[in-house]
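Asks: Starting off with a structure, shown below.
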Amino acid sequence: MKSRISNVSTFGLVATGLTAMTLSLACGGGSSSGVNAPAAPQTGTVAMSVSDASTEDWATVGVKLLSIALIPQGGTAASAVTVYTAPTPAPTVNLVQLDQLSEILGNLSVPVGTYSKAILSLSANPGDVYLTSAADPSTGFAGTAATTYGQGSTVSQVQVQHATGSTGSKTVTATVNLVQDLVVTANASNALDLEFDLSHPAFIVGHTSVSDGSLVWAVNFNGAMVRHHPCHVANMVLRHLYGTVTTVSTDNTALTISKDFPTWPIQSPETETTSSLSLPILADSTNGTLFFNMDSSPITPATVHDFSSLATLLAANTTAGKTTYVRLVTRYQANGTLVAARVYTSTTFNTVFVNPEGHVLHVSGSGASPSFTVENEYGRGVKVNVTAATNFYFHTPASATSGVTPISGSNGVTFMNSGYLARGFKVHTTVDPTTMDAIDVDIEIAKYDGVISNANTSSFDYTHLFATAGDDYTNFNLPYVAPTTPNGIDPSTGDAYTGFKWWNLGYPTLLNPGSSSTVTAIQSFVNAVGGSVSFGGTPAINAVPYGVSYNTWNDSPTTPGWNALFSVLEPTPLPLGTVSTAWSLASGIGSFQMTLPKGTQAVTVDLNTAAESAPLVYQIDRTSGVVTISPVDITTAAGQSAVAAGLAKNAIVKVYGVPQSSNGNSYLMAYVVFYYTGTNASM
């Protein structure tokens with residue numbers, strides 16, 4: 001597991017970020033009935049997508065989403081309405097590539113009504129869920145770099161929790177109670193955001209046996225791993241979309257594609273599965289759409305205001321018996337329609353796919369010939385060269401021109417030498433395949449994360465020390481966005497947020513927005529990141545405030561540069577430790593003390609047992625090579641009794657907590673606690 005423990009001289013950190021799988025529903029349109037005909041049920045058009053965020057330790061978290069159903073208000077699972085069914089064969093979605101991005105699954109129809117729950121079904125046979133570790137994972141990562149688990153000889157090392165069904169047809173479901181009911185009407189847009197929390201400590205649990213050193217990854221889709229977080233469709237950042245062109249409208253204003261899913265595991269050359277999911281996409285008649293013919297040489301983009309050139313190319317390819325594949329950069333309009341900012345086309349799927357996509361692994365940003373390395377799905381780095389002609393773009397859904405206007409001006413080398421690209425950014429590049437020179441670099445997500453320090457009402461600092469020291473940033477200063485900067489919409493009132501906002505990872509619905517009280521939101525953030533806890537040792541082992549910030553480009557008062565749009569505070573994960581003073585309960589607060597290897601003093605860990613405030617406690621049992629993750633409800637007498645037995649003196653324990661200070665005393669407020677039974681985990 002990961003460590004965010006700091007020492008005086010050096011410390012290892014992990015770039016997890018808020019990890020989410022997002023289901024977004026944009027509803028509009030309606031239906032009508034003919035004379036003397038029974039009325040057809042009204043429906044809303046559903047633009048459905050999934051999204052996620054990154055983890056430093058994994059290059060691939062591959063899952064097969066089989067179906068999504070919505071339960072009407074007051075209904076049961078039996079009354080659920082299925083709104084998405086995967087094509088056959090079900091495609092694999094790599095959640096790591098969807099770093100706060102949404103991948104469109106299709107436009108569907110949902111019956112008008114009010115829905116209060118959602119049910120997700122995933123395939124859970126051996127090999128259906130697999131993991132590929134990163135090329136340069138965090139210090140202390142239990143696995144081996146660039147290694148795939150859950151396939152071939154390692155298939156038994158990935159164990160999906162709570163799977164049901166017969167061999168070959170195993171599935172696992174996750175039911176989510178919506179924080180706010182989803183109201184689907186025939187003539188309005190709406191959105192639903194369901195988060196798959198990959199960074200949740202109990203989502204992927206690594207267990208290395210203390211007796212024989214064998215490693216098992218337990219993947220858990222139940223409980224808090226999926227939750228509801230309100231969103232607005234017009235603010236969604238969309239991942240590049242792959243498709244097969246089926247038609248261009250007669251007036252050339254729109255194209256229609258069949259959604260393509262890349263083959264998993266990735267092949268060379270890559271192939272696709274073309275689905276029956278159909279998507280209409282408009283040209284940007286006002287700002288223009290950049291059009292790239294990837295089969296031409298040199299590859300020179302053209303700005304178009306309709307798809308007449310694509311219609312000509314499609315007709316020629318069809319006459320020659322060739323298929324026209326596309327990769328598109330798109331954005332949603334408030335009414336749920338899709339507009340293309342950029343279109344890349346080729347007669348081979350591999351040509352539009354092969355351009356490196358992933359998180360920036362290393363940056364060499366100085367000198368006349370800078371470069372950076374993108375981590376692919378294999379957990380391997382792909383080096384990309386930057387030239388003066390390279391254009392850098394940044395996704396900004398609210399800006400219609402961001403998809404066609406480079407932020408790097410006319411010189412990509414200057415952009416790199418200015419330090420504007422950092423490890424952990426999510427990018428999708430377009431390269432010349434013969435030289436690997438970047439034609440353009442689409443920065444989809446710009447994020448900094450790590451230890452937070454020096455927070456004040458103007459800015460704060462991040463320090464992140466990676467396993468590869470050359471990627472480090474130390475005391476990187478990040479100003480907040482301007483108080484007037486648009487920053488989302490309150491889904492319950494429709495009011496616009498402006499300025500910086502933040503929330504605690506454990507409480508995603510308790511947003512601290514800017515709006516009319518930006519200074520108050522910033523000040524509350526400053527107050528929240530002021531604690532630390534020491535376990536002693538030489539050098540001292542400290543648990544410190546940690547977070548991740550997602551940023552926007554060129555926002556006042558910093559021009560040019562990055563500004564914090566929103567931040568998420570994350571609990572500090574400690575290494576495996578030992579209970580030094582057993583659990584006890586007083587006045588509704590359970591507590592115990594723990595020590596860490598190489599530490600010299602015990603630290604108190606508090607667990608609130610009140611409903612709605614209790615941390616998540618899990619019993620991790622390994623028996624005969626099988627790992628079982630069992631949640632323990634410490635708001636009940638039975639749960640408290642189980643925890644008292646599990647947190648006895650000398651028990652092995654793992655804690656994720658937030659440093660706190662009160663009356664001169666420092667302690668950890670627990671967010672997640674693991675205790676172990678059966679075969680102990682190796683420390």
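Identifiers in this document derive from the order of the structure tokens: chains are assigned A, B, ..., residues are numbered from 1 separately in each chain, and ligands are numbered from 1 in order of occurrence.
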Given only C-alpha atoms, how would the per-residue table for range 537-596 of chain A near range 441-453 of chain A read, listing every residue at most 6 Å away with its closest atom pair and distance in Å to one decimal, sorted by chain and number, as CSV?
Replies:
```
residue,atom,partner,partner_atom,distance
A:Pro545,CA,A:Ile452,CA,5.7
A:Tyr546,CA,A:Val451,CA,4.5
A:Gly547,CA,A:Asp449,CA,5.7
A:Val548,CA,A:Asp449,CA,4.1
A:Ser549,CA,A:Lys447,CA,5.5
A:Tyr550,CA,A:Lys447,CA,4.6
A:Asn551,CA,A:Ala446,CA,5.6
```
Asks: Near Ser79 in chain A, counting only C-alpha atoms, which residues have an atom at most 12 Å away, once you skip same-chain residues fewer than 3 positions from it, shown as JSON, numbers by chain?
Replies: {"A": [69, 70, 71, 72, 73, 74, 75, 76, 82, 115, 116, 117, 118, 119]}
Asks: I'd like to know which residues of range 464-647 of chain A are strand (DSSP E) (by DSSP, run on the backbone); could you write them as a PyMOL selection string?
Replies: chain A and resi 464+473-479+486-489+496-498+501-504+533-534+541-543+546-553+562-570+572-573+577-586+589-595+603-608+616-623+626-632
Asks: Given the selection you just returned, output its residues as a file containing C-alpha atoms, formatted as a PDB file, in the first residue's frame.
Replies:
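What follows is the written file out.pdb:
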```
ATOM      1  CA  HIS A 464       5.828  15.739  -4.027  1.00  0.00           C
ATOM      2  CA  TYR A 473       8.592  19.367  -7.131  1.00  0.00           C
ATOM      3  CA  THR A 474       9.325  21.054  -3.814  1.00  0.00           C
ATOM      4  CA  ASN A 475       7.316  23.962  -2.421  1.00  0.00           C
ATOM      5  CA  PHE A 476       5.642  24.488  -5.787  1.00  0.00           C
ATOM      6  CA  ASN A 477       3.495  27.579  -5.289  1.00  0.00           C
ATOM      7  CA  LEU A 478      -0.087  27.378  -6.557  1.00  0.00           C
ATOM      8  CA  PRO A 479      -2.280  30.508  -6.422  1.00  0.00           C
ATOM      9  CA  PRO A 486     -16.861  30.326 -13.009  1.00  0.00           C
ATOM     10  CA  ASN A 487     -16.497  27.011 -11.188  1.00  0.00           C
ATOM     11  CA  GLY A 488     -19.528  24.813 -11.658  1.00  0.00           C
ATOM     12  CA  ILE A 489     -23.200  24.956 -10.765  1.00  0.00           C
ATOM     13  CA  ALA A 496     -23.315  29.269 -10.331  1.00  0.00           C
ATOM     14  CA  TYR A 497     -20.204  28.737  -8.228  1.00  0.00           C
ATOM     15  CA  THR A 498     -17.338  31.152  -8.686  1.00  0.00           C
ATOM     16  CA  LYS A 501     -13.690  25.470  -3.901  1.00  0.00           C
ATOM     17  CA  TRP A 502     -12.563  22.417  -1.950  1.00  0.00           C
ATOM     18  CA  TRP A 503     -13.862  19.378  -0.116  1.00  0.00           C
ATOM     19  CA  ASN A 504     -12.706  16.496   2.023  1.00  0.00           C
ATOM     20  CA  VAL A 533       1.452  14.349  13.859  1.00  0.00           C
ATOM     21  CA  SER A 534       4.903  12.935  14.687  1.00  0.00           C
ATOM     22  CA  ILE A 541       8.357  10.337  10.782  1.00  0.00           C
ATOM     23  CA  ASN A 542       5.492  12.796  10.372  1.00  0.00           C
ATOM     24  CA  ALA A 543       1.931  12.453   9.113  1.00  0.00           C
ATOM     25  CA  TYR A 546      -2.050  15.918   1.875  1.00  0.00           C
ATOM     26  CA  GLY A 547      -4.254  16.806  -1.063  1.00  0.00           C
ATOM     27  CA  VAL A 548      -4.682  17.068  -4.814  1.00  0.00           C
ATOM     28  CA  SER A 549      -5.590  20.180  -6.791  1.00  0.00           C
ATOM     29  CA  TYR A 550      -7.043  20.390 -10.281  1.00  0.00           C
ATOM     30  CA  ASN A 551      -6.061  23.566 -12.040  1.00  0.00           C
ATOM     31  CA  THR A 552      -6.910  25.911 -14.853  1.00  0.00           C
ATOM     32  CA  TRP A 553      -4.675  27.890 -17.178  1.00  0.00           C
ATOM     33  CA  TRP A 562      -1.673  27.382 -13.433  1.00  0.00           C
ATOM     34  CA  ASN A 563      -4.197  28.303 -10.724  1.00  0.00           C
ATOM     35  CA  ALA A 564      -6.044  26.017  -8.295  1.00  0.00           C
ATOM     36  CA  LEU A 565      -9.643  25.623  -9.457  1.00  0.00           C
ATOM     37  CA  PHE A 566     -10.563  23.076  -6.787  1.00  0.00           C
ATOM     38  CA  SER A 567      -8.738  20.951  -4.232  1.00  0.00           C
ATOM     39  CA  VAL A 568      -9.506  17.697  -2.448  1.00  0.00           C
ATOM     40  CA  LEU A 569      -8.027  16.964   0.978  1.00  0.00           C
ATOM     41  CA  GLU A 570      -7.061  13.320   1.363  1.00  0.00           C
ATOM     42  CA  THR A 572      -2.788  10.380   5.129  1.00  0.00           C
ATOM     43  CA  PRO A 573      -2.159   6.626   4.689  1.00  0.00           C
ATOM     44  CA  GLY A 577       1.877  -0.432  12.161  1.00  0.00           C
ATOM     45  CA  THR A 578       1.402  -2.158  15.491  1.00  0.00           C
ATOM     46  CA  VAL A 579      -1.234  -1.488  18.151  1.00  0.00           C
ATOM     47  CA  SER A 580       0.646  -0.394  21.272  1.00  0.00           C
ATOM     48  CA  THR A 581      -2.394   0.417  23.432  1.00  0.00           C
ATOM     49  CA  ALA A 582      -5.569  -1.569  22.776  1.00  0.00           C
ATOM     50  CA  TRP A 583      -8.858  -0.044  21.660  1.00  0.00           C
ATOM     51  CA  SER A 584     -11.064   1.538  24.315  1.00  0.00           C
ATOM     52  CA  LEU A 585     -14.340   3.422  24.105  1.00  0.00           C
ATOM     53  CA  ALA A 586     -15.303   6.536  26.049  1.00  0.00           C
ATOM     54  CA  ILE A 589     -15.042   7.993  20.775  1.00  0.00           C
ATOM     55  CA  GLY A 590     -13.061   4.803  20.311  1.00  0.00           C
ATOM     56  CA  SER A 591      -9.309   5.186  20.429  1.00  0.00           C
ATOM     57  CA  PHE A 592      -6.087   3.197  20.399  1.00  0.00           C
ATOM     58  CA  GLN A 593      -2.407   3.972  20.100  1.00  0.00           C
ATOM     59  CA  MET A 594      -0.103   2.700  17.392  1.00  0.00           C
ATOM     60  CA  THR A 595       3.585   2.743  16.523  1.00  0.00           C
ATOM     61  CA  VAL A 603       0.302   8.172  18.312  1.00  0.00           C
ATOM     62  CA  THR A 604      -3.344   8.194  19.355  1.00  0.00           C
ATOM     63  CA  VAL A 605      -5.929   7.306  16.705  1.00  0.00           C
ATOM     64  CA  ASP A 606      -9.537   8.385  17.327  1.00  0.00           C
ATOM     65  CA  LEU A 607     -12.613   6.724  15.788  1.00  0.00           C
ATOM     66  CA  ASN A 608     -15.962   8.491  16.167  1.00  0.00           C
ATOM     67  CA  LEU A 616     -14.788   3.004   7.659  1.00  0.00           C
ATOM     68  CA  VAL A 617     -13.386  -0.065   9.398  1.00  0.00           C
ATOM     69  CA  TYR A 618     -12.547  -3.289   7.560  1.00  0.00           C
ATOM     70  CA  GLN A 619     -11.494  -6.733   8.684  1.00  0.00           C
ATOM     71  CA  ILE A 620      -8.966  -8.109   6.181  1.00  0.00           C
ATOM     72  CA  ASP A 621      -8.873 -11.887   6.425  1.00  0.00           C
ATOM     73  CA  ARG A 622      -6.561 -14.165   4.473  1.00  0.00           C
ATOM     74  CA  THR A 623      -7.249 -17.866   4.787  1.00  0.00           C
ATOM     75  CA  VAL A 626      -8.193 -16.187  -0.250  1.00  0.00           C
ATOM     76  CA  VAL A 627      -8.481 -12.561   0.884  1.00  0.00           C
ATOM     77  CA  THR A 628     -11.857 -11.359   2.190  1.00  0.00           C
ATOM     78  CA  ILE A 629     -12.685  -7.714   2.917  1.00  0.00           C
ATOM     79  CA  SER A 630     -15.485  -7.350   5.473  1.00  0.00           C
ATOM     80  CA  PRO A 631     -16.840  -3.935   6.544  1.00  0.00           C
ATOM     81  CA  VAL A 632     -17.364  -3.452  10.280  1.00  0.00           C
TER      82      VAL A 632
END
```
Asks: I'd like the interatomic distance between CA of Pro659 in chain A and CA of Gly530 in chain A, to a tenth of an Å.
Replies: 8.5 Å
Asks: Which of these residues is nearest to Val219 in chain A, using only C-alpha atoms: A:Ser276, A:Thr538, A:Gln159, A:Thr114?
Replies: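 Of A:Ser276, A:Thr538, A:Gln159, A:Thr114, the one nearest Val219 in chain A, counting only C-alpha atoms, is A:Gln159.
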Asks: Between A:Ala59, A:Ala681, A:Leu65, A:Leu574, which residue has the minimum interatomic distance to Asp99 in chain A, considering only C-alpha atoms?
Replies: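 Among the listed residues, A:Ala59 lies closest to Asp99 in chain A.
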Asks: Contacts of range 367-383 of chain A at 8 Å or less, counting only C-alpha atoms, minus same-chain residues fewer than 3 places along, as a ChimeraX atom specification?
Replies: /A:58-60,132-135,145-148,266,356-364,386-387,413,416-417,427,436
Asks: Write out as a ChimeraX atom specification each polymer residue whose atoms come within 10 Å of range 437-440 of chain A, counting only C-alpha atoms; drop sequence neighbours fewer than 3 positions from it.
Replies: /A:299-301,355-356,371,383-393,406,412,428-434,443
Asks: Using only C-alpha atoms, which protein or nucleic acid residues come within 9 Å of Pro269 in chain A? Drop anything in the same chain fewer than 6 positions from it, and give the result as a list in words.
Replies: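 Here the answer would be Phe349, Asn350, Thr351 and Val354 of chain A.
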Asks: Take CA of Gly499 in chain A and CA of Gln523 in chain A and report the distance between them in Å, one decimal.
Replies: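 One can read the CA of Gly499 in chain A to CA of Gln523 in chain A distance as 12.8 Å.
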Asks: List the neighbours of Pro91 in chain A out to 12 Å using only C-alpha atoms; skip same-chain residues closer than 5 positions along the sequence, and give me the result as a list of chain:residue names.
Replies: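 Selected residues are A:Gly62, A:Val63, A:Lys64, A:Leu65, A:Leu66, A:Ser67, A:Thr85, A:Ala86, A:Leu105, A:Leu122, A:Ser123, A:Asp128, A:Val129, A:Lys259, A:Asp260, A:Phe261, A:Pro262, A:Thr263, A:Trp264, A:Pro265, A:Ile266, A:Glu272, A:Thr273, A:Thr274, A:Ser275.
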Asks: Quick one: write out the picked residues with N, CA and C atoms as a PDB file, in the first residue's frame?
Replies:
```
ATOM      1  N   GLY A  62      -8.478  -2.324 -15.262  1.00  0.00           N
ATOM      2  CA  GLY A  62      -9.393  -2.705 -16.331  1.00  0.00           C
ATOM      3  C   GLY A  62     -10.632  -3.385 -15.801  1.00  0.00           C
ATOM      4  N   VAL A  63     -11.817  -2.855 -16.155  1.00  0.00           N
ATOM      5  CA  VAL A  63     -13.085  -3.434 -15.718  1.00  0.00           C
ATOM      6  C   VAL A  63     -14.032  -3.528 -16.906  1.00  0.00           C
ATOM      7  N   LYS A  64     -15.013  -4.406 -16.802  1.00  0.00           N
ATOM      8  CA  LYS A  64     -16.055  -4.549 -17.815  1.00  0.00           C
ATOM      9  C   LYS A  64     -17.390  -4.172 -17.187  1.00  0.00           C
ATOM     10  N   LEU A  65     -17.887  -2.993 -17.545  1.00  0.00           N
ATOM     11  CA  LEU A  65     -19.173  -2.520 -17.043  1.00  0.00           C
ATOM     12  C   LEU A  65     -20.270  -3.120 -17.914  1.00  0.00           C
ATOM     13  N   LEU A  66     -21.096  -3.980 -17.329  1.00  0.00           N
ATOM     14  CA  LEU A  66     -22.099  -4.709 -18.093  1.00  0.00           C
ATOM     15  C   LEU A  66     -23.404  -3.946 -18.249  1.00  0.00           C
ATOM     16  N   SER A  67     -23.845  -3.285 -17.175  1.00  0.00           N
ATOM     17  CA  SER A  67     -25.127  -2.589 -17.255  1.00  0.00           C
ATOM     18  C   SER A  67     -25.239  -1.565 -16.142  1.00  0.00           C
ATOM     19  N   THR A  85     -26.731  -1.038 -21.466  1.00  0.00           N
ATOM     20  CA  THR A  85     -26.294  -2.429 -21.584  1.00  0.00           C
ATOM     21  C   THR A  85     -25.077  -2.453 -22.490  1.00  0.00           C
ATOM     22  N   ALA A  86     -24.011  -3.079 -22.050  1.00  0.00           N
ATOM     23  CA  ALA A  86     -22.767  -3.097 -22.818  1.00  0.00           C
ATOM     24  C   ALA A  86     -22.947  -3.875 -24.113  1.00  0.00           C
ATOM     25  N   LEU A 105     -20.442   6.667 -23.441  1.00  0.00           N
ATOM     26  CA  LEU A 105     -20.863   5.312 -23.785  1.00  0.00           C
ATOM     27  C   LEU A 105     -21.960   5.314 -24.837  1.00  0.00           C
ATOM     28  N   LEU A 122     -20.984  -5.359 -12.960  1.00  0.00           N
ATOM     29  CA  LEU A 122     -19.681  -5.544 -13.597  1.00  0.00           C
ATOM     30  C   LEU A 122     -19.362  -7.022 -13.693  1.00  0.00           C
ATOM     31  N   SER A 123     -18.610  -7.375 -14.715  1.00  0.00           N
ATOM     32  CA  SER A 123     -18.196  -8.762 -14.895  1.00  0.00           C
ATOM     33  C   SER A 123     -17.110  -9.101 -13.886  1.00  0.00           C
ATOM     34  N   ASP A 128     -11.483 -10.936 -15.783  1.00  0.00           N
ATOM     35  CA  ASP A 128     -12.327  -9.814 -16.204  1.00  0.00           C
ATOM     36  C   ASP A 128     -11.880  -8.494 -15.591  1.00  0.00           C
ATOM     37  N   VAL A 129     -11.302  -8.552 -14.414  1.00  0.00           N
ATOM     38  CA  VAL A 129     -10.730  -7.370 -13.775  1.00  0.00           C
ATOM     39  C   VAL A 129      -9.231  -7.597 -13.687  1.00  0.00           C
ATOM     40  N   LYS A 259     -19.671   4.190 -32.036  1.00  0.00           N
ATOM     41  CA  LYS A 259     -18.628   4.236 -31.014  1.00  0.00           C
ATOM     42  C   LYS A 259     -17.713   3.016 -31.131  1.00  0.00           C
ATOM     43  N   ASP A 260     -16.384   3.254 -31.154  1.00  0.00           N
ATOM     44  CA  ASP A 260     -15.393   2.179 -31.193  1.00  0.00           C
ATOM     45  C   ASP A 260     -14.722   2.045 -29.835  1.00  0.00           C
ATOM     46  N   PHE A 261     -14.520   0.802 -29.420  1.00  0.00           N
ATOM     47  CA  PHE A 261     -13.792   0.511 -28.194  1.00  0.00           C
ATOM     48  C   PHE A 261     -12.476  -0.181 -28.562  1.00  0.00           C
ATOM     49  N   PRO A 262     -11.334   0.326 -28.112  1.00  0.00           N
ATOM     50  CA  PRO A 262     -10.066  -0.357 -28.380  1.00  0.00           C
ATOM     51  C   PRO A 262     -10.060  -1.759 -27.794  1.00  0.00           C
ATOM     52  N   THR A 263      -9.340  -2.662 -28.457  1.00  0.00           N
ATOM     53  CA  THR A 263      -9.216  -4.039 -27.982  1.00  0.00           C
ATOM     54  C   THR A 263      -8.346  -4.083 -26.733  1.00  0.00           C
ATOM     55  N   TRP A 264      -8.786  -4.863 -25.754  1.00  0.00           N
ATOM     56  CA  TRP A 264      -7.997  -5.058 -24.534  1.00  0.00           C
ATOM     57  C   TRP A 264      -7.684  -6.525 -24.367  1.00  0.00           C
ATOM     58  N   PRO A 265      -6.469  -6.868 -23.886  1.00  0.00           N
ATOM     59  CA  PRO A 265      -5.321  -5.975 -23.701  1.00  0.00           C
ATOM     60  C   PRO A 265      -4.899  -5.342 -25.026  1.00  0.00           C
ATOM     61  N   ILE A 266      -4.204  -4.205 -24.930  1.00  0.00           N
ATOM     62  CA  ILE A 266      -3.781  -3.459 -26.105  1.00  0.00           C
ATOM     63  C   ILE A 266      -2.899  -4.326 -26.992  1.00  0.00           C
ATOM     64  N   GLU A 272     -10.100  -2.627 -33.045  1.00  0.00           N
ATOM     65  CA  GLU A 272     -11.225  -2.060 -32.307  1.00  0.00           C
ATOM     66  C   GLU A 272     -12.429  -2.982 -32.350  1.00  0.00           C
ATOM     67  N   THR A 273     -13.343  -2.764 -31.410  1.00  0.00           N
ATOM     68  CA  THR A 273     -14.675  -3.341 -31.467  1.00  0.00           C
ATOM     69  C   THR A 273     -15.632  -2.203 -31.782  1.00  0.00           C
ATOM     70  N   THR A 274     -16.309  -2.285 -32.929  1.00  0.00           N
ATOM     71  CA  THR A 274     -17.277  -1.257 -33.304  1.00  0.00           C
ATOM     72  C   THR A 274     -18.636  -1.633 -32.738  1.00  0.00           C
ATOM     73  N   SER A 275     -19.182  -0.749 -31.932  1.00  0.00           N
ATOM     74  CA  SER A 275     -20.434  -1.044 -31.245  1.00  0.00           C
ATOM     75  C   SER A 275     -21.625  -0.508 -32.023  1.00  0.00           C
TER      76      SER A 275
END
```
Asks: For Asp212 in chain A, which residue out of A:Asn411, A:Asn680, A:Thr139, A:Gln97 is the nearest one, using only C-alpha atoms?
Replies: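 Checking each candidate against Asp212 in chain A, we get A:Asn680 as the closest.
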Asks: Check the smallest atom-to-atom distance from each of A:Pro597, A:Pro111, A:Gly403, A:Gly470 to His240 in chain A using only C-alpha atoms, then report the winner.
Replies: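 Smallest separation from His240 in chain A among the options: A:Gly403.
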